[in-house]
Amino acid sequence: MGGLGFHANSKWVGPLRSHITWEYISKPTSFFHRCMKQKYGNWPWVADFKRGDSTVWKILCDGANSLACCVRWKVCNGRDINILNHTWIWDRSIALWPTYCDIAALEDRTVSDLISPAGDWDKQKLLICFGEDRILEMKIWSELHEDVLELMKIPIGSTISAMVYNSSFLGEDDPCCAILKAGLRPRVRMFWWRVYKNIVPTNSWLLARGFDVDVKCPMGCNMCEDLNHITTDCKQLMEILDILDSWGLYTPRFADFSALQVALEENVKSKDIGMKLYCLTVYHCWLNRNAVKHGKEVSTQVFMAASILESLNQDGLLFHLEQRDTVQSFGLCLHSSWCPPPTRWLKINVDGALLRSNAGGIGIVIRDSYGKLIVAAGWSICHWDSTQVEMMAIQGVGKLIAEWMYELNGVIVEGDSASVIEHMQNFQFKELWKLQLEDWDKWN
């Protein structure tokens with residue numbers, strides 16, 4: 001609700017039940033599965049219930065409907081996998097992809113029709129149906145006895161229920177997310193969230209709800225105080241922005257709140273300091289307006305401008321003051337939060353990123369205790385799980401290790417996924433790092 005992490009309880013019913021469904025599917029030898037299978041079968045994706053179906057089976061089926069978007073098929077013989085409607089290529093079914101195949105020829109057919117008697121992909125059929133043989137990259141799990149479902153994403157640091165719920169909630173679609181990602185302090189962020197939701201008690205807002213108030217701005221603007229006014233037109237706001245400009249700090253101007261919203265969305269990518277100053281100025285103007293409204297002590301424009309710069313300095317958290325007293329390599333910003341490792345140690349920074357199009361990449365940077373760049377590398381990949389991509393980034397460190405590095409005292413590996421780093425810390429031996437992922441080399 002509004003990007004703040006509050007959600008309706010009713011939306012959690014299906015995801016919570018999906019955990020029970022996954023236990024049923026992933027443990028076919030359990031006593032519970034064998035009992036339910038005798039009456040209902042092992043496939044809980046049913047549209048209609050029969051009279052007399054138990055409540056437990058209905059809960060399993062409801063959980064299965066929620067779980068469907070988070071599971072994919074491992075191909076063994078392909079007999080249970082519908083080519084068009086089941087997910088077995090990456091993270092979506094072919095029916096949801098842009099059409100690139102002969103739909104009529106594949107209707108109601110299974111993946112087994114694309115596999116040769118020898119257990120390999122039939123290249124000729126793939127060329128006829130898809131016009132290309134890209135599906136040859138998909139692994140056939142010959143060591144399995146039948147097609148099985150697997151979770152689409154690794155639930156490290158999370159639960160299956162949370163993973164299922166997050167797959168149905170796209171917080172990025174909420175306009176408020178632009179301001180929530182602007183790097184503002186909690187009080188300022190909450191104020192701007194209220195601005196986006198139009199629940200800031202301006203005079204025109206109060207009048208619309210039946211309160212007997214003067215709609216004019218209490219700062220002497222002689223204009224109607226509404227959302228556009230407090231965010232773009234107020235005389236107090238303009239005076240403070242002019243003072244900041246005179247101090248050499250450029251701040252933008254906007255015709256209305258709609259134009260401001262567009263600029264804030266662009267600021268999420270550019271991290272413009274001028275936009276951050278603007279947001280802080282609007283917030284401080286609102287605080288001063290409330291002081292005037294309630295007869296409290298009023299601040300001057302110069303004092304407010306100085307307070308805005310002070311709060312801007314606090315937002316930076318001054319990480320660079322916590323760094324060790326060492327010479328930084330050229331290219332590392334003085335105000336960066338990167339901290340050098342101890343003497344005769346290396347610091348390895350890894351990161352992985354994915355777009356919604358499944359295109360992404362991983363990057364690795366290694367520096368010494370002086371901040372000097374030792375090696376940097378990156379690979380483009382196609383994947384669907386950001387957690388697996390972060391793991392592959394850590395696995396890629398092995399490709400960059402040189403013999404002389406073993407003579408150092410140690411290394412520090414840094415990444416932006418706390419759950420993946422914590423998961424990797426549980427492994428003490430190199431052979432245990434071979435996770436249940438697809439072959440790393442195929443993504444290079």
# chains A, B, ... in the order shown; residues from 1 in each chain; ligands from 1
>>> residues_around(residues="Lys39 in chain A", least_positions_apart="2", cutoff="12 Å", atoms="only C-alpha atoms", output="MDAnalysis selection string")
chainID A and resid 32:37 41:44 50 52:54 57
>>> residues_around(residues="Glu239 in chain A", least_positions_apart="4", cutoff="10 Å", atoms="only C-alpha atoms", output="PDB file with N, CA and C atoms, in the first residue's frame")
ATOM      1  N   CYS A 234       5.291  28.432  -3.631  1.00  0.00           N
ATOM      2  CA  CYS A 234       5.285  29.234  -2.410  1.00  0.00           C
ATOM      3  C   CYS A 234       6.424  30.262  -2.410  1.00  0.00           C
ATOM      4  N   LYS A 235       6.099  31.470  -1.946  1.00  0.00           N
ATOM      5  CA  LYS A 235       7.094  32.549  -1.917  1.00  0.00           C
ATOM      6  C   LYS A 235       8.274  32.181  -1.021  1.00  0.00           C
ATOM      7  N   ILE A 243      18.464  31.741  -2.292  1.00  0.00           N
ATOM      8  CA  ILE A 243      19.621  31.838  -1.394  1.00  0.00           C
ATOM      9  C   ILE A 243      20.602  30.703  -1.672  1.00  0.00           C
ATOM     10  N   LEU A 244      20.091  29.497  -1.843  1.00  0.00           N
ATOM     11  CA  LEU A 244      20.967  28.360  -2.156  1.00  0.00           C
ATOM     12  C   LEU A 244      21.682  28.567  -3.481  1.00  0.00           C
ATOM     13  N   ASP A 245      20.972  29.152  -4.458  1.00  0.00           N
ATOM     14  CA  ASP A 245      21.616  29.439  -5.748  1.00  0.00           C
ATOM     15  C   ASP A 245      22.730  30.464  -5.591  1.00  0.00           C
ATOM     16  N   GLN A 301      14.755  32.896   6.341  1.00  0.00           N
ATOM     17  CA  GLN A 301      15.107  32.125   5.153  1.00  0.00           C
ATOM     18  C   GLN A 301      16.577  31.708   5.143  1.00  0.00           C
ATOM     19  N   VAL A 302      17.471  32.606   5.615  1.00  0.00           N
ATOM     20  CA  VAL A 302      18.898  32.275   5.639  1.00  0.00           C
ATOM     21  C   VAL A 302      19.168  31.142   6.619  1.00  0.00           C
ATOM     22  N   ALA A 305      18.013  27.929   5.059  1.00  0.00           N
ATOM     23  CA  ALA A 305      18.945  27.466   4.030  1.00  0.00           C
ATOM     24  C   ALA A 305      20.157  26.791   4.656  1.00  0.00           C
TER      25      ALA A 305
END
>>> closest_atom_pairs(of="range 42-77 of chain A", to="range 9-28 of chain A", cutoff="12 Å", atoms="only C-alpha atoms", output="Markdown table")
| residue | atom | partner | partner_atom | distance |
| --- | --- | --- | --- | --- |
| A:Asn42 | CA | A:Ile25 | CA | 7.3 |
| A:Trp43 | CA | A:Ile25 | CA | 8.1 |
| A:Pro44 | CA | A:Thr21 | CA | 7.9 |
| A:Trp45 | CA | A:Thr21 | CA | 10.1 |
| A:Val56 | CA | A:Ile20 | CA | 9.9 |
| A:Trp57 | CA | A:Thr21 | CA | 9.5 |
| A:Lys58 | CA | A:Arg17 | CA | 10.1 |
| A:Ile59 | CA | A:Arg17 | CA | 6.5 |
| A:Leu60 | CA | A:Thr21 | CA | 5.1 |
| A:Cys61 | CA | A:Thr21 | CA | 7.5 |
| A:Asp62 | CA | A:Gly14 | CA | 6.0 |
| A:Gly63 | CA | A:Ser18 | CA | 3.8 |
| A:Ala64 | CA | A:Ser18 | CA | 5.9 |
| A:Asn65 | CA | A:Gly14 | CA | 7.6 |
| A:Ser66 | CA | A:Gly14 | CA | 5.5 |
| A:Leu67 | CA | A:Ser18 | CA | 5.4 |
| A:Ala68 | CA | A:Ser18 | CA | 9.0 |
| A:Cys69 | CA | A:Ser18 | CA | 10.8 |
| A:Cys70 | CA | A:Ser18 | CA | 9.9 |
| A:Val71 | CA | A:Trp22 | CA | 9.4 |
>>> write_last_selection(atoms="C-alpha atoms", output="mmCIF file, in the first residue's frame")
data_model
loop_
_atom_site.group_PDB
_atom_site.id
_atom_site.type_symbol
_atom_site.label_atom_id
_atom_site.label_comp_id
_atom_site.auth_asym_id
_atom_site.auth_seq_id
_atom_site.Cartn_x
_atom_site.Cartn_y
_atom_site.Cartn_z
ATOM 1 C CA ASN A 42 -0.097 -35.714 -7.012
ATOM 2 C CA TRP A 43 -1.129 -32.730 -9.131
ATOM 3 C CA PRO A 44 -2.767 -29.965 -7.007
ATOM 4 C CA TRP A 45 -3.387 -27.588 -9.928
ATOM 5 C CA VAL A 56 -6.801 -29.937 3.205
ATOM 6 C CA TRP A 57 -6.931 -30.624 -0.538
ATOM 7 C CA LYS A 58 -8.607 -27.263 -1.155
ATOM 8 C CA ILE A 59 -5.821 -25.535 0.797
ATOM 9 C CA LEU A 60 -3.200 -27.374 -1.284
ATOM 10 C CA CYS A 61 -4.901 -26.340 -4.513
ATOM 11 C CA ASP A 62 -5.173 -22.708 -3.425
ATOM 12 C CA GLY A 63 -1.481 -22.713 -2.530
ATOM 13 C CA ALA A 64 -0.666 -24.295 -5.884
ATOM 14 C CA ASN A 65 -2.341 -21.426 -7.749
ATOM 15 C CA SER A 66 -0.099 -18.961 -5.911
ATOM 16 C CA LEU A 67 2.983 -21.144 -6.300
ATOM 17 C CA ALA A 68 2.584 -21.542 -10.079
ATOM 18 C CA CYS A 69 4.488 -18.333 -10.858
ATOM 19 C CA CYS A 70 7.522 -19.431 -8.815
ATOM 20 C CA VAL A 71 8.215 -22.948 -10.093
#
>>> select_by_dssp(residues="range 36-122 of chain A", states="strand (DSSP E)", output="list in words")
Val71, Arg72, Trp73 and Lys74 of chain A
>>> write_last_selection(atoms="N, CA and C atoms", output="PDB file, in the first residue's frame")
ATOM      1  N   VAL A  71       7.622 -21.638  -9.849  1.00  0.00           N
ATOM      2  CA  VAL A  71       8.215 -22.948 -10.093  1.00  0.00           C
ATOM      3  C   VAL A  71       8.441 -23.138 -11.587  1.00  0.00           C
ATOM      4  N   ARG A  72       9.416 -23.950 -11.916  1.00  0.00           N
ATOM      5  CA  ARG A  72       9.727 -24.281 -13.302  1.00  0.00           C
ATOM      6  C   ARG A  72      10.064 -25.767 -13.373  1.00  0.00           C
ATOM      7  N   TRP A  73      10.062 -26.289 -14.576  1.00  0.00           N
ATOM      8  CA  TRP A  73      10.269 -27.722 -14.770  1.00  0.00           C
ATOM      9  C   TRP A  73      11.729 -28.024 -15.080  1.00  0.00           C
ATOM     10  N   LYS A  74      12.229 -29.097 -14.472  1.00  0.00           N
ATOM     11  CA  LYS A  74      13.472 -29.719 -14.910  1.00  0.00           C
ATOM     12  C   LYS A  74      13.110 -30.794 -15.921  1.00  0.00           C
TER      13      LYS A  74
END
>>> select_by_dssp(residues="range 152-267 of chain A", states="alpha helix (DSSP H)", output="PyMOL selection string")
chain A and resi 160-168+177-180+186-196+203-208+227-228+235-246+257-267
>>> atom_distance(atom1="CA of Lys347 in chain A", atom2="CA of Val411 in chain A")
5.6 Å
>>> closest_residue(among="A:Lys123, A:Arg187, A:Arg92, A:Arg253", to="Leu277 in chain A", atoms="only C-alpha atoms")
A:Arg253
>>> residues_around(residues="Asn228 in chain A", least_positions_apart="2", cutoff="6 Å", atoms="only C-alpha atoms", output="JSON, numbers by chain")
{"A": [226, 230, 231, 232, 256, 257]}
>>> write_last_selection(atoms="N, CA and C atoms", output="short mmCIF file (atom, residue, chain, number, x, y, z; two decimals), in the first residue's frame")
data_model
loop_
_atom_site.label_atom_id
_atom_site.label_comp_id
_atom_site.auth_asym_id
_atom_site.auth_seq_id
_atom_site.Cartn_x
_atom_site.Cartn_y
_atom_site.Cartn_z
N ASP A 226 -2.44 24.80 -1.97
CA ASP A 226 -2.74 23.41 -2.33
C ASP A 226 -1.44 22.68 -2.58
N ILE A 230 2.54 24.37 -2.34
CA ILE A 230 3.58 24.10 -1.35
C ILE A 230 4.80 23.43 -1.96
N THR A 231 4.67 22.82 -3.12
CA THR A 231 5.81 22.11 -3.72
C THR A 231 6.50 22.90 -4.83
N THR A 232 5.84 23.92 -5.38
CA THR A 232 6.47 24.64 -6.52
C THR A 232 6.32 26.15 -6.49
N ASP A 256 4.69 22.90 -12.06
CA ASP A 256 3.65 22.33 -11.22
C ASP A 256 4.15 21.01 -10.63
N PHE A 257 3.30 20.38 -9.85
CA PHE A 257 3.70 19.15 -9.16
C PHE A 257 3.92 18.01 -10.14
#
>>> residues_around(residues="Glu265 in chain A", least_positions_apart="4", cutoff="12 Å", atoms="only C-alpha atoms", output="number ranges by chain")
A: 172-182, 258-261, 269-272, 275
>>> residues_around(residues="Arg109 in chain A", least_positions_apart="2", cutoff="9 Å", atoms="only C-alpha atoms", output="list in words")
Ile81, Asn82, Ile83, Leu84, Ala105, Leu106, Glu107, Val111, Ser112 and Asp113 of chain A
>>> atom_distance(atom1="CA of Ala263 in chain A", atom2="CA of Asn290 in chain A")
26.4 Å
>>> residues_around(residues="Cys76 in chain A", least_positions_apart="2", cutoff="9 Å", atoms="only C-alpha atoms", output="list in words")
Lys74, Gly78, Arg79, Ser112, Gly119, Lys139, Ile140, Trp141, Ser142, Glu143, Leu144, His145, Glu146, Asp147 and Val148 of chain A
>>> closest_residue(among="A:Asp385, A:Asn426, A:Leu346, A:Ile421", to="Glu407 in chain A", atoms="only C-alpha atoms")
A:Leu346
>>> closest_residue(among="A:Ile135, A:Cys285, A:Leu96, A:Ile412", to="Thr343 in chain A", atoms="only C-alpha atoms")
A:Ile412
>>> residues_around(residues="Arg367 in chain A", least_positions_apart="3", cutoff="10 Å", atoms="only C-alpha atoms", output="ChimeraX atom specification")
/A:329,340-341,345-349,370-376,411
